[in-house]
Protein chains: 2
Amino acid sequence: MPARLAARLKEYRKEMPALSPVLDHIDTHLDDSLERLFALLRIQSISTDPDYAAECRKAAEWLVAELKTIGFDASVRDTSGHPMVVAHHAGPSADSPHVLFYGHYDVQPVDPIELWDNPPFDPAVREIEPGRKVITGRGSSDDKGQLMLFVEACRAFKAEHGQLPCRVTILFEGEEESGSPSLKPFLEANREELKADFALVCDTDMFDAQTPSICASLRGLVGVEVTVKAASRDLHSGMYGGPAANPIRILAGILADIHDENGQVTIPGFYDGVEETPSQVLQSWQTLGVTPESFLGPIGLSVPAGEKGRSVLEMVWARPTAEFNGITGGYTGKGFKTVIAAEVSAKISFRLVHKQDPAKIAEAFQKFVRDRLPADCAVEFHPHGGSPAIQLSYDAPFLTSAKQALSEEWPKPAVTIGGGGSIPIVGDFRTYLGMESLLVGFALSDDRIHSPNEKYELNSFHRGQRSWARILDALSR
Amino acid sequence: MPARLAARLKEYRKEMPALSPVLDHIDTHLDDSLERLFALLRIQSISTDPDYAAECRKAAEWLVAELKTIGFDASVRDTSGHPMVVAHHAGPSADSPHVLFYGHYDVQPVDPIELWDNPPFDPAVREIEPGRKVITGRGSSDDKGQLMLFVEACRAFKAEHGQLPCRVTILFEGEEESGSPSLKPFLEANREELKADFALVCDTDMFDAQTPSICASLRGLVGVEVTVKAASRDLHSGMYGGPAANPIRILAGILADIHDENGQVTIPGFYDGVEETPSQVLQSWQTLGVTPESFLGPIGLSVPAGEKGRSVLEMVWARPTAEFNGITGGYTGKGFKTVIAAEVSAKISFRLVHKQDPAKIAEAFQKFVRDRLPADCAVEFHPHGGSPAIQLSYDAPFLTSAKQALSEEWPKPAVTIGGGGSIPIVGDFRTYLGMESLLVGFALSDDRIHSPNEKYELNSFHRGQRSWARILDALSR
């Protein structure tokens with residue numbers, strides 16, 4: 001680095017608000033921040049039940065009021081469903097980095113209520129084993145606990161330095177648990193206002209309680225229902241068994257053909273756009289200690305069923321699949337009926353990675369089926385939508401910065417992981433706002449989100465605030 | 001043949017009642033016999049509906065009274081359901097051949113009644129095209145019309161000769177349309193009384209309106225429900241798709257393995273006991289003019305799906321099959337759910353021929369499945385019973401005699417055919433009475449049995465009586 005540039009950078013960094021008083025502020029005000037979280041958790045903002053619409057609005061208004069106390073220009077924004085919260089805060093200068101933070105204030109219903117050990121909307125801190133405290137209550141993890149981490153990190157910056165280290169826009173929605181019907185129109189209608197350098201999305205897990213993680217990829221999905229039709233009516237298998245085409249046999253043959261003996265998908269062109277994961281990333285995954293036994297044991301399995309020669313983590317985080325989600329045909333009631341069915345249907349979905357094209361794969365699958373269909377049979381396809389995979393560059397600067405920041409906070413270094421499923425908001429931000437997303441969250445897989453006895457680790461609540469402060473600091477440098 | 005034996009045989013044949021006056025009697029008394037059939041058809045002996053129990057008894061009593069007028073020792077025999085009719089008639093001597101004739105007097109319900117062109121229990125003769133008359137009414141074909149042919153043939157013998165040409169036992173049941181719950185116990189309890197040289201079973205079809213047929217084989221059946229179990233619960237295909245075993249994929253692979261590319265069943269030992277059909281029998285089937293198009297066209301198909309190199313008739317009449325009767329697993333509702341199911345089930349049945357052993361095939365199938373099961377998956381089998389095939393020797397003397405007798409009556413020679421499905425009574429006679437059955441009937445495939453507008457050809461009613469007279473005569477010589 002030329003000496004002059006290094007000097008300017010040093011000067012710039014000096015101007016940045018110092019991080020350590022911010023972290024100290026978080027530590028000394030933890031109880032206050034917890035009280036604020038509890039106030040939000042007490043609001044019964046169940047978005048799926050119209051009876052709780054007023055509670056959803058109350059949560060939005062509560063958040064707006066909180067954000068205003070930190071200096072955000074915050075407002076409740078009506079939609080045809082539950083309102084959005086949008087808030088803006090200036091950075092040190094007009095060309096400071098600009099992030100959009102996304103979370104949701106709505107929660108899942110609490111049924112079956114009788115399975116809760118503590119009231120879902122009366123949050124508390126409870127010690128569940130020596131030295132391990134958790135926050136209990138609906139929404140504690142998904143997603144009120146997670147979003148408040150960021151709000152509290154902003155509050156600490158503001159309190160210590162009177163400003164935030166970068167420009168921040170916040171978007172909280174109230175319909176995430178009910179399919180986000182208002183989100184896409186809202187993004188489209190407010191593109192200019194919401195556009196930032198990139199998004200921060202917070203509703204993900206840590207790899208484990210010691211290891212923070214950044215999710216750099218999400219698999220895409222394309223689904224299709226296929227119906228194979230043979231005879232014009234159900235047949236008696238005594239009268240027609242032998243000569244008559246049996247659609248279950250035909251479909252079973254087609255499904256069996258989709259994977260080869262190495263677990264690879266045989267549909268021509270299926271792997272177009274699939275890239276090999278960089279070896280250093282694969283190596284980092286190998287250090288995580290995940291074995292077939294540890295991954296599959298909890299669900300009663302032990303033998304990986306995916307592509308031979310790949311680890312279970314690679315299978316889930318970086319490889320595409322063909323899955324059969326449902327099948328039905330012929331007589332499925334009690335007892336027996338010696339029928340040859342007129343038709344059979346299966347629901348089939350493909351998890352996609354990298355640059356696989358959902359439309360091309362749907363088309364290739366249809367051809368694959370038609371190529372295997374007897375001349376006197378017919379097939380119908382009912383597409384169920386598709387979305388491409390999300391894949392950040394593993395060495396993107398904002399990812400590397402955030403990873404370093406997380407590694408400084410937690411006992412173990414941060415890991416870059418993948419997500420096996422999709423998080424629609426990430427695709428929406430890409431589509432409507434042209435932004436990539438950084439996925440960082442501090443939930444644990446045993447938080448029982450959507451279930452009775454949802455909890456959030458007190459440690460996540462504390463270190464999570466510090467983590468966001470570190471990330472904001474790192475991203476701003 | 002030695003001259004002395006030939007002389008004795010000639011003498012014996014002279015003693016036999018002559019056939020031609022019997023045939024003449026049938027011709028001249030056709031209207032009377034039709035009136036008697038109508039009287040039986042007017043009785044609403046629907047066995048499936050308890051409201052018609054008295055009508056069932058009335059039909060049994062009517063038959064007993066009729067049989068008594070012919071000299072039968074006939075009686076109504078109570079069961080826990082509808083009564084049986086049992087009747088005995090002596091032959092020319094104590095060691096005359098002895099046949100058991102079986103039929104059923106109960107009928108199917110008539111719903112949907114509004115689709116009948118004529119009242120179901122008000123029989124009539126109607127000319128449906130020039131020169132073609134049919135008897136309309138519920139039971140006209142199945143089975144009152146068919147069983148009365150035999151009764152009328154006996155009546156004609158008795159009227160002309162004062163005796164029958166052989167010993168005859170008659171068994172009519174009243175529960176055939178409701179699963180014959182009383183039949184097996186009745187056969188067991190009355191084994192000595194009912195045992196004869198062989199049985200005559202009448203509820204089958206002619207090959208076509210010109211061609212009488214004898215059914216020499218019935219396929220057996222063994223059914224099993226198989227459930228493949230993988231994970232201990234349904235899984236999210238995003239989180240587990242790849243490493244987790246998918247039971248639908250496993251079962252599809254197993255089902256696809258059951259047939260090879262020639263349509264043959266690959267289960268080891270499956271063809272044990274299967275014999276090649278004699279070439280002269282296959283040749284006779286080829287003369288029947290059945291093509292893939294004529295057989296499959298009416299059900300919307302055209303490409304035979306069975307074993308390559310076999311005709312469609314051979315596939316149905318003389319070859320075993322593996323059929324998939326139903327399959328269900330995973331999400332089968334509307335829309336889509338990206339689930340990996342914990343389990344999937346299929347109902348599978350095998351049609352059996354010749355000496356295939358149902359128990360061995362069920363066992364071989366289970367091994368076939370287990371051999372293909374991943375180490376961490378489980379399988380459950382629910383057997384649904386089995387019965388071996390029925391196969392008469394194609395050159396059995398009583399079959400040859402009856403075939404000759406039929407060929408003398410009808411425009412075209414009689415054919416020996418097979419039956420694709422089972423007729424339980426035939427197995428029951430074998431099991432409980434140690435008797436083989438000769439299956440001869442004069443129904444046509446368009447008789448609409450079990451449906452509105454059931455009919456029976458007047459030609460069948462007339463020539464059928466003459467046919468039974470000829471058969472009784474032939475079997476007695």
# chains A, B, ... in the order shown; residues from 1 in each chain; ligands from 1
>>> residues_around(residues="B:Leu218", least_positions_apart="3", cutoff="7 Å", atoms="only C-alpha atoms", output="mmCIF file with N, CA, C and O atoms, in the first residue's frame")
data_model
loop_
_atom_site.group_PDB
_atom_site.id
_atom_site.type_symbol
_atom_site.label_atom_id
_atom_site.label_comp_id
_atom_site.auth_asym_id
_atom_site.auth_seq_id
_atom_site.Cartn_x
_atom_site.Cartn_y
_atom_site.Cartn_z
ATOM 1 N N ALA B 389 -53.692 -70.597 -8.241
ATOM 2 C CA ALA B 389 -54.470 -70.628 -9.480
ATOM 3 C C ALA B 389 -55.234 -71.944 -9.589
ATOM 4 O O ALA B 389 -54.916 -72.928 -8.925
ATOM 5 N N ILE B 390 -56.260 -71.909 -10.423
ATOM 6 C CA ILE B 390 -56.991 -73.124 -10.788
ATOM 7 C C ILE B 390 -56.583 -73.446 -12.219
ATOM 8 O O ILE B 390 -56.614 -72.566 -13.078
ATOM 9 N N GLN B 391 -56.197 -74.663 -12.463
ATOM 10 C CA GLN B 391 -55.852 -75.042 -13.837
ATOM 11 C C GLN B 391 -56.335 -76.465 -14.085
ATOM 12 O O GLN B 391 -55.819 -77.414 -13.498
ATOM 13 N N GLY B 418 -59.301 -69.060 -20.624
ATOM 14 C CA GLY B 418 -58.872 -68.909 -19.240
ATOM 15 C C GLY B 418 -59.619 -67.745 -18.630
ATOM 16 O O GLY B 418 -60.267 -66.974 -19.330
ATOM 17 N N GLY B 419 -59.544 -67.647 -17.329
ATOM 18 C CA GLY B 419 -60.123 -66.504 -16.625
ATOM 19 C C GLY B 419 -59.003 -65.741 -15.959
ATOM 20 O O GLY B 419 -58.120 -66.339 -15.334
ATOM 21 N N GLY B 420 -59.009 -64.408 -16.121
ATOM 22 C CA GLY B 420 -57.922 -63.614 -15.552
ATOM 23 C C GLY B 420 -58.017 -63.438 -14.056
ATOM 24 O O GLY B 420 -57.014 -63.317 -13.360
ATOM 25 N N GLY B 421 -59.243 -63.441 -13.569
ATOM 26 C CA GLY B 421 -59.450 -63.251 -12.138
ATOM 27 C C GLY B 421 -59.850 -64.548 -11.484
ATOM 28 O O GLY B 421 -59.882 -65.600 -12.124
ATOM 29 N N SER B 422 -60.168 -64.469 -10.196
ATOM 30 C CA SER B 422 -60.541 -65.696 -9.489
ATOM 31 C C SER B 422 -62.053 -65.753 -9.351
ATOM 32 O O SER B 422 -62.737 -64.735 -9.381
#
>>> residues_around(residues="A:Pro120", least_positions_apart="4", cutoff="9 Å", atoms="only C-alpha atoms", output="ChimeraX atom specification")
/A:41-42,110,113,116,136-139,452-454
>>> write_last_selection(atoms="C-alpha atoms", output="mmCIF file, in the first residue's frame")
data_model
loop_
_atom_site.group_PDB
_atom_site.id
_atom_site.type_symbol
_atom_site.label_atom_id
_atom_site.label_comp_id
_atom_site.auth_asym_id
_atom_site.auth_seq_id
_atom_site.Cartn_x
_atom_site.Cartn_y
_atom_site.Cartn_z
ATOM 1 C CA LEU A 41 -42.656 -9.781 23.522
ATOM 2 C CA ARG A 42 -45.756 -8.957 25.579
ATOM 3 C CA VAL A 110 -49.252 -20.285 20.309
ATOM 4 C CA ILE A 113 -51.241 -23.503 24.464
ATOM 5 C CA TRP A 116 -46.244 -24.245 27.207
ATOM 6 C CA THR A 136 -38.820 -17.637 27.203
ATOM 7 C CA GLY A 137 -41.824 -16.534 25.181
ATOM 8 C CA ARG A 138 -43.364 -16.520 21.734
ATOM 9 C CA GLY A 139 -41.178 -14.488 19.388
ATOM 10 C CA PRO A 452 -44.522 -24.340 22.351
ATOM 11 C CA ASN A 453 -41.780 -23.161 24.737
ATOM 12 C CA GLU A 454 -39.926 -20.991 22.254
#
>>> closest_residue(among="B:Ala443, B:Val312, B:Ala18, B:Leu475", to="B:Gly145", atoms="only C-alpha atoms")
B:Ala443
>>> interface_residues(of="chain A", to="chain B", cutoff="6 Å", atoms="only C-alpha atoms", output="number ranges by chain")
A: 231-232, 238-239, 242-245, 252-253, 256, 299-302, 304-306, 312, 315-316, 321, 325-332, 338-340, 376, 420-421
>>> write_last_selection(atoms="N, CA and C atoms", output="mmCIF file, in the first residue's frame")
data_model
loop_
_atom_site.group_PDB
_atom_site.id
_atom_site.type_symbol
_atom_site.label_atom_id
_atom_site.label_comp_id
_atom_site.auth_asym_id
_atom_site.auth_seq_id
_atom_site.Cartn_x
_atom_site.Cartn_y
_atom_site.Cartn_z
ATOM 1 N N ALA A 231 -55.165 -46.040 -18.640
ATOM 2 C CA ALA A 231 -56.482 -46.403 -19.164
ATOM 3 C C ALA A 231 -57.488 -45.289 -18.886
ATOM 4 N N SER A 232 -58.613 -45.351 -19.620
ATOM 5 C CA SER A 232 -59.626 -44.321 -19.483
ATOM 6 C C SER A 232 -60.447 -44.478 -18.205
ATOM 7 N N GLY A 238 -57.756 -58.507 -12.517
ATOM 8 C CA GLY A 238 -57.934 -59.863 -13.029
ATOM 9 C C GLY A 238 -58.222 -59.844 -14.517
ATOM 10 N N MET A 239 -59.077 -58.932 -14.924
ATOM 11 C CA MET A 239 -59.485 -58.886 -16.325
ATOM 12 C C MET A 239 -58.433 -58.251 -17.224
ATOM 13 N N GLY A 242 -51.701 -57.515 -16.861
ATOM 14 C CA GLY A 242 -50.848 -58.088 -17.901
ATOM 15 C C GLY A 242 -50.815 -57.112 -19.061
ATOM 16 N N PRO A 243 -51.837 -57.151 -19.935
ATOM 17 C CA PRO A 243 -51.797 -56.260 -21.104
ATOM 18 C C PRO A 243 -51.954 -54.774 -20.791
ATOM 19 N N ALA A 244 -52.711 -54.431 -19.735
ATOM 20 C CA ALA A 244 -53.014 -53.009 -19.521
ATOM 21 C C ALA A 244 -51.870 -52.288 -18.829
ATOM 22 N N ALA A 245 -51.529 -51.122 -19.352
ATOM 23 C CA ALA A 245 -50.496 -50.278 -18.744
ATOM 24 C C ALA A 245 -50.926 -49.881 -17.330
ATOM 25 N N ALA A 252 -43.269 -45.184 -11.235
ATOM 26 C CA ALA A 252 -42.175 -45.711 -10.395
ATOM 27 C C ALA A 252 -40.907 -45.851 -11.223
ATOM 28 N N GLY A 253 -41.062 -46.328 -12.459
ATOM 29 C CA GLY A 253 -39.902 -46.474 -13.332
ATOM 30 C C GLY A 253 -39.249 -45.130 -13.649
ATOM 31 N N ALA A 256 -37.561 -43.829 -10.466
ATOM 32 C CA ALA A 256 -36.344 -44.599 -10.184
ATOM 33 C C ALA A 256 -35.202 -44.213 -11.110
ATOM 34 N N ILE A 299 -32.695 -37.832 13.456
ATOM 35 C CA ILE A 299 -33.922 -38.133 12.711
ATOM 36 C C ILE A 299 -34.028 -39.631 12.404
ATOM 37 N N GLY A 300 -33.221 -40.421 13.115
ATOM 38 C CA GLY A 300 -33.372 -41.872 13.012
ATOM 39 C C GLY A 300 -32.689 -42.499 11.813
ATOM 40 N N LEU A 301 -31.777 -41.762 11.179
ATOM 41 C CA LEU A 301 -31.089 -42.300 10.007
ATOM 42 C C LEU A 301 -29.573 -42.311 10.244
ATOM 43 N N SER A 302 -28.823 -42.920 9.344
ATOM 44 C CA SER A 302 -27.367 -42.959 9.516
ATOM 45 C C SER A 302 -26.589 -43.012 8.202
ATOM 46 N N PRO A 304 -25.933 -41.548 4.563
ATOM 47 C CA PRO A 304 -26.258 -40.433 3.663
ATOM 48 C C PRO A 304 -26.804 -40.941 2.327
ATOM 49 N N ALA A 305 -27.892 -40.333 1.888
ATOM 50 C CA ALA A 305 -28.559 -40.807 0.668
ATOM 51 C C ALA A 305 -28.226 -39.946 -0.544
ATOM 52 N N GLY A 306 -27.398 -38.924 -0.353
ATOM 53 C CA GLY A 306 -27.101 -38.007 -1.447
ATOM 54 C C GLY A 306 -25.961 -38.495 -2.324
ATOM 55 N N VAL A 312 -22.150 -34.633 4.240
ATOM 56 C CA VAL A 312 -23.559 -34.286 4.444
ATOM 57 C C VAL A 312 -23.750 -32.770 4.387
ATOM 58 N N MET A 315 -23.808 -31.727 0.857
ATOM 59 C CA MET A 315 -25.078 -32.147 0.253
ATOM 60 C C MET A 315 -26.184 -31.125 0.506
ATOM 61 N N VAL A 316 -26.247 -30.611 1.737
ATOM 62 C CA VAL A 316 -27.337 -29.706 2.104
ATOM 63 C C VAL A 316 -27.045 -28.267 1.693
ATOM 64 N N THR A 321 -30.706 -31.182 -5.503
ATOM 65 C CA THR A 321 -31.357 -32.473 -5.277
ATOM 66 C C THR A 321 -32.622 -32.583 -6.119
ATOM 67 N N ASN A 325 -41.865 -35.457 -3.000
ATOM 68 C CA ASN A 325 -42.522 -34.969 -1.799
ATOM 69 C C ASN A 325 -43.855 -35.643 -1.503
ATOM 70 N N GLY A 326 -44.418 -36.263 -2.515
ATOM 71 C CA GLY A 326 -45.688 -36.935 -2.277
ATOM 72 C C GLY A 326 -46.059 -37.762 -3.494
ATOM 73 N N ILE A 327 -46.810 -38.812 -3.251
ATOM 74 C CA ILE A 327 -47.253 -39.668 -4.357
ATOM 75 C C ILE A 327 -48.588 -40.279 -3.975
ATOM 76 N N THR A 328 -49.486 -40.363 -4.929
ATOM 77 C CA THR A 328 -50.769 -41.003 -4.637
ATOM 78 C C THR A 328 -51.407 -41.518 -5.918
ATOM 79 N N GLY A 329 -51.961 -42.709 -5.823
ATOM 80 C CA GLY A 329 -52.658 -43.284 -6.963
ATOM 81 C C GLY A 329 -53.240 -44.635 -6.620
ATOM 82 N N GLY A 330 -54.307 -45.009 -7.319
ATOM 83 C CA GLY A 330 -54.929 -46.302 -7.094
ATOM 84 C C GLY A 330 -55.659 -46.347 -5.771
ATOM 85 N N TYR A 331 -55.817 -47.554 -5.255
ATOM 86 C CA TYR A 331 -56.576 -47.727 -4.022
ATOM 87 C C TYR A 331 -55.664 -47.538 -2.821
ATOM 88 N N THR A 332 -56.006 -46.564 -1.961
ATOM 89 C CA THR A 332 -55.144 -46.254 -0.823
ATOM 90 C C THR A 332 -55.900 -46.367 0.496
ATOM 91 N N THR A 338 -58.123 -54.950 -5.956
ATOM 92 C CA THR A 338 -57.219 -55.348 -7.042
ATOM 93 C C THR A 338 -57.535 -54.555 -8.298
ATOM 94 N N VAL A 339 -57.199 -53.269 -8.188
ATOM 95 C CA VAL A 339 -57.500 -52.328 -9.251
ATOM 96 C C VAL A 339 -56.208 -51.962 -9.989
ATOM 97 N N ILE A 340 -56.340 -51.675 -11.273
ATOM 98 C CA ILE A 340 -55.259 -50.990 -11.992
ATOM 99 C C ILE A 340 -55.752 -49.571 -12.189
ATOM 100 N N ASP A 376 -49.181 -45.091 -25.504
ATOM 101 C CA ASP A 376 -50.629 -44.966 -25.305
ATOM 102 C C ASP A 376 -50.991 -44.304 -23.983
ATOM 103 N N GLY A 420 -29.950 -24.827 3.370
ATOM 104 C CA GLY A 420 -30.514 -25.833 2.476
ATOM 105 C C GLY A 420 -31.810 -25.399 1.835
ATOM 106 N N GLY A 421 -32.554 -24.553 2.555
ATOM 107 C CA GLY A 421 -33.839 -24.111 2.052
ATOM 108 C C GLY A 421 -33.755 -22.674 1.576
#
>>> residues_around(residues="A:Arg470", least_positions_apart="3", cutoff="8 Å", atoms="only C-alpha atoms", output="list in words")
Leu19, Ala402, Ala405, Leu406, Arg466, Ser467, Asp473 and Ala474 of chain A
>>> atom_distance(atom1="atom CA of B:Cys166", atom2="atom CA of B:Arg430")
21.3 Å
>>> residues_around(residues="B:Val76", least_positions_apart="5", cutoff="12 Å", atoms="only C-alpha atoms", output="PyMOL selection string")
chain B and resi 56-65+67-68+82-87+170-174
>>> write_last_selection(atoms="N, CA and C atoms", output="mmCIF file, in the first residue's frame")
data_model
loop_
_atom_site.group_PDB
_atom_site.id
_atom_site.type_symbol
_atom_site.label_atom_id
_atom_site.label_comp_id
_atom_site.auth_asym_id
_atom_site.auth_seq_id
_atom_site.Cartn_x
_atom_site.Cartn_y
_atom_site.Cartn_z
ATOM 1 N N CYS B 56 -85.325 -62.944 -0.365
ATOM 2 C CA CYS B 56 -84.297 -63.963 -0.598
ATOM 3 C C CYS B 56 -84.852 -65.344 -0.221
ATOM 4 N N ARG B 57 -85.480 -65.395 0.951
ATOM 5 C CA ARG B 57 -86.068 -66.676 1.377
ATOM 6 C C ARG B 57 -87.143 -67.134 0.391
ATOM 7 N N LYS B 58 -87.909 -66.188 -0.102
ATOM 8 C CA LYS B 58 -88.972 -66.518 -1.050
ATOM 9 C C LYS B 58 -88.380 -67.154 -2.321
ATOM 10 N N ALA B 59 -87.227 -66.582 -2.773
ATOM 11 C CA ALA B 59 -86.577 -67.136 -3.967
ATOM 12 C C ALA B 59 -86.101 -68.567 -3.695
ATOM 13 N N ALA B 60 -85.552 -68.785 -2.510
ATOM 14 C CA ALA B 60 -85.072 -70.131 -2.150
ATOM 15 C C ALA B 60 -86.247 -71.107 -2.126
ATOM 16 N N GLU B 61 -87.355 -70.663 -1.512
ATOM 17 C CA GLU B 61 -88.520 -71.548 -1.413
ATOM 18 C C GLU B 61 -89.123 -71.827 -2.783
ATOM 19 N N TRP B 62 -89.120 -70.810 -3.619
ATOM 20 C CA TRP B 62 -89.647 -70.983 -4.984
ATOM 21 C C TRP B 62 -88.819 -72.038 -5.734
ATOM 22 N N LEU B 63 -87.489 -71.949 -5.581
ATOM 23 C CA LEU B 63 -86.611 -72.912 -6.255
ATOM 24 C C LEU B 63 -86.816 -74.329 -5.734
ATOM 25 N N VAL B 64 -86.965 -74.462 -4.415
ATOM 26 C CA VAL B 64 -87.201 -75.787 -3.842
ATOM 27 C C VAL B 64 -88.483 -76.392 -4.409
ATOM 28 N N ALA B 65 -89.530 -75.548 -4.475
ATOM 29 C CA ALA B 65 -90.812 -76.040 -5.002
ATOM 30 C C ALA B 65 -90.663 -76.486 -6.462
ATOM 31 N N LEU B 67 -87.891 -77.463 -7.981
ATOM 32 C CA LEU B 67 -87.054 -78.660 -8.074
ATOM 33 C C LEU B 67 -87.841 -79.902 -7.668
ATOM 34 N N LYS B 68 -88.742 -79.739 -6.704
ATOM 35 C CA LYS B 68 -89.557 -80.871 -6.279
ATOM 36 C C LYS B 68 -90.453 -81.351 -7.409
ATOM 37 N N HIS B 82 -78.551 -65.697 4.433
ATOM 38 C CA HIS B 82 -79.648 -66.149 3.586
ATOM 39 C C HIS B 82 -79.531 -67.655 3.373
ATOM 40 N N PRO B 83 -80.665 -68.333 3.166
ATOM 41 C CA PRO B 83 -80.621 -69.805 3.110
ATOM 42 C C PRO B 83 -80.000 -70.354 1.820
ATOM 43 N N MET B 84 -79.543 -71.584 1.932
ATOM 44 C CA MET B 84 -79.091 -72.342 0.775
ATOM 45 C C MET B 84 -80.255 -73.182 0.261
ATOM 46 N N VAL B 85 -80.138 -73.548 -1.008
ATOM 47 C CA VAL B 85 -81.025 -74.565 -1.562
ATOM 48 C C VAL B 85 -80.148 -75.765 -1.901
ATOM 49 N N VAL B 86 -80.529 -76.946 -1.383
ATOM 50 C CA VAL B 86 -79.800 -78.165 -1.734
ATOM 51 C C VAL B 86 -80.819 -79.160 -2.284
ATOM 52 N N ALA B 87 -80.466 -79.802 -3.385
ATOM 53 C CA ALA B 87 -81.390 -80.752 -4.001
ATOM 54 C C ALA B 87 -80.612 -81.933 -4.575
ATOM 55 N N ILE B 170 -77.749 -80.294 -6.559
ATOM 56 C CA ILE B 170 -77.788 -78.855 -6.858
ATOM 57 C C ILE B 170 -77.515 -78.080 -5.581
ATOM 58 N N LEU B 171 -76.678 -77.022 -5.704
ATOM 59 C CA LEU B 171 -76.461 -76.107 -4.587
ATOM 60 C C LEU B 171 -76.667 -74.688 -5.109
ATOM 61 N N PHE B 172 -77.692 -74.020 -4.578
ATOM 62 C CA PHE B 172 -77.899 -72.598 -4.898
ATOM 63 C C PHE B 172 -77.683 -71.806 -3.623
ATOM 64 N N GLU B 173 -76.846 -70.774 -3.718
ATOM 65 C CA GLU B 173 -76.698 -69.937 -2.527
ATOM 66 C C GLU B 173 -77.371 -68.594 -2.750
ATOM 67 N N GLY B 174 -77.565 -67.868 -1.638
ATOM 68 C CA GLY B 174 -78.255 -66.579 -1.701
ATOM 69 C C GLY B 174 -77.389 -65.433 -1.208
#
>>> closest_residue(among="A:Asp205, A:Phe198, A:Lys158, A:Val353", to="A:Pro397", atoms="only C-alpha atoms")
A:Phe198
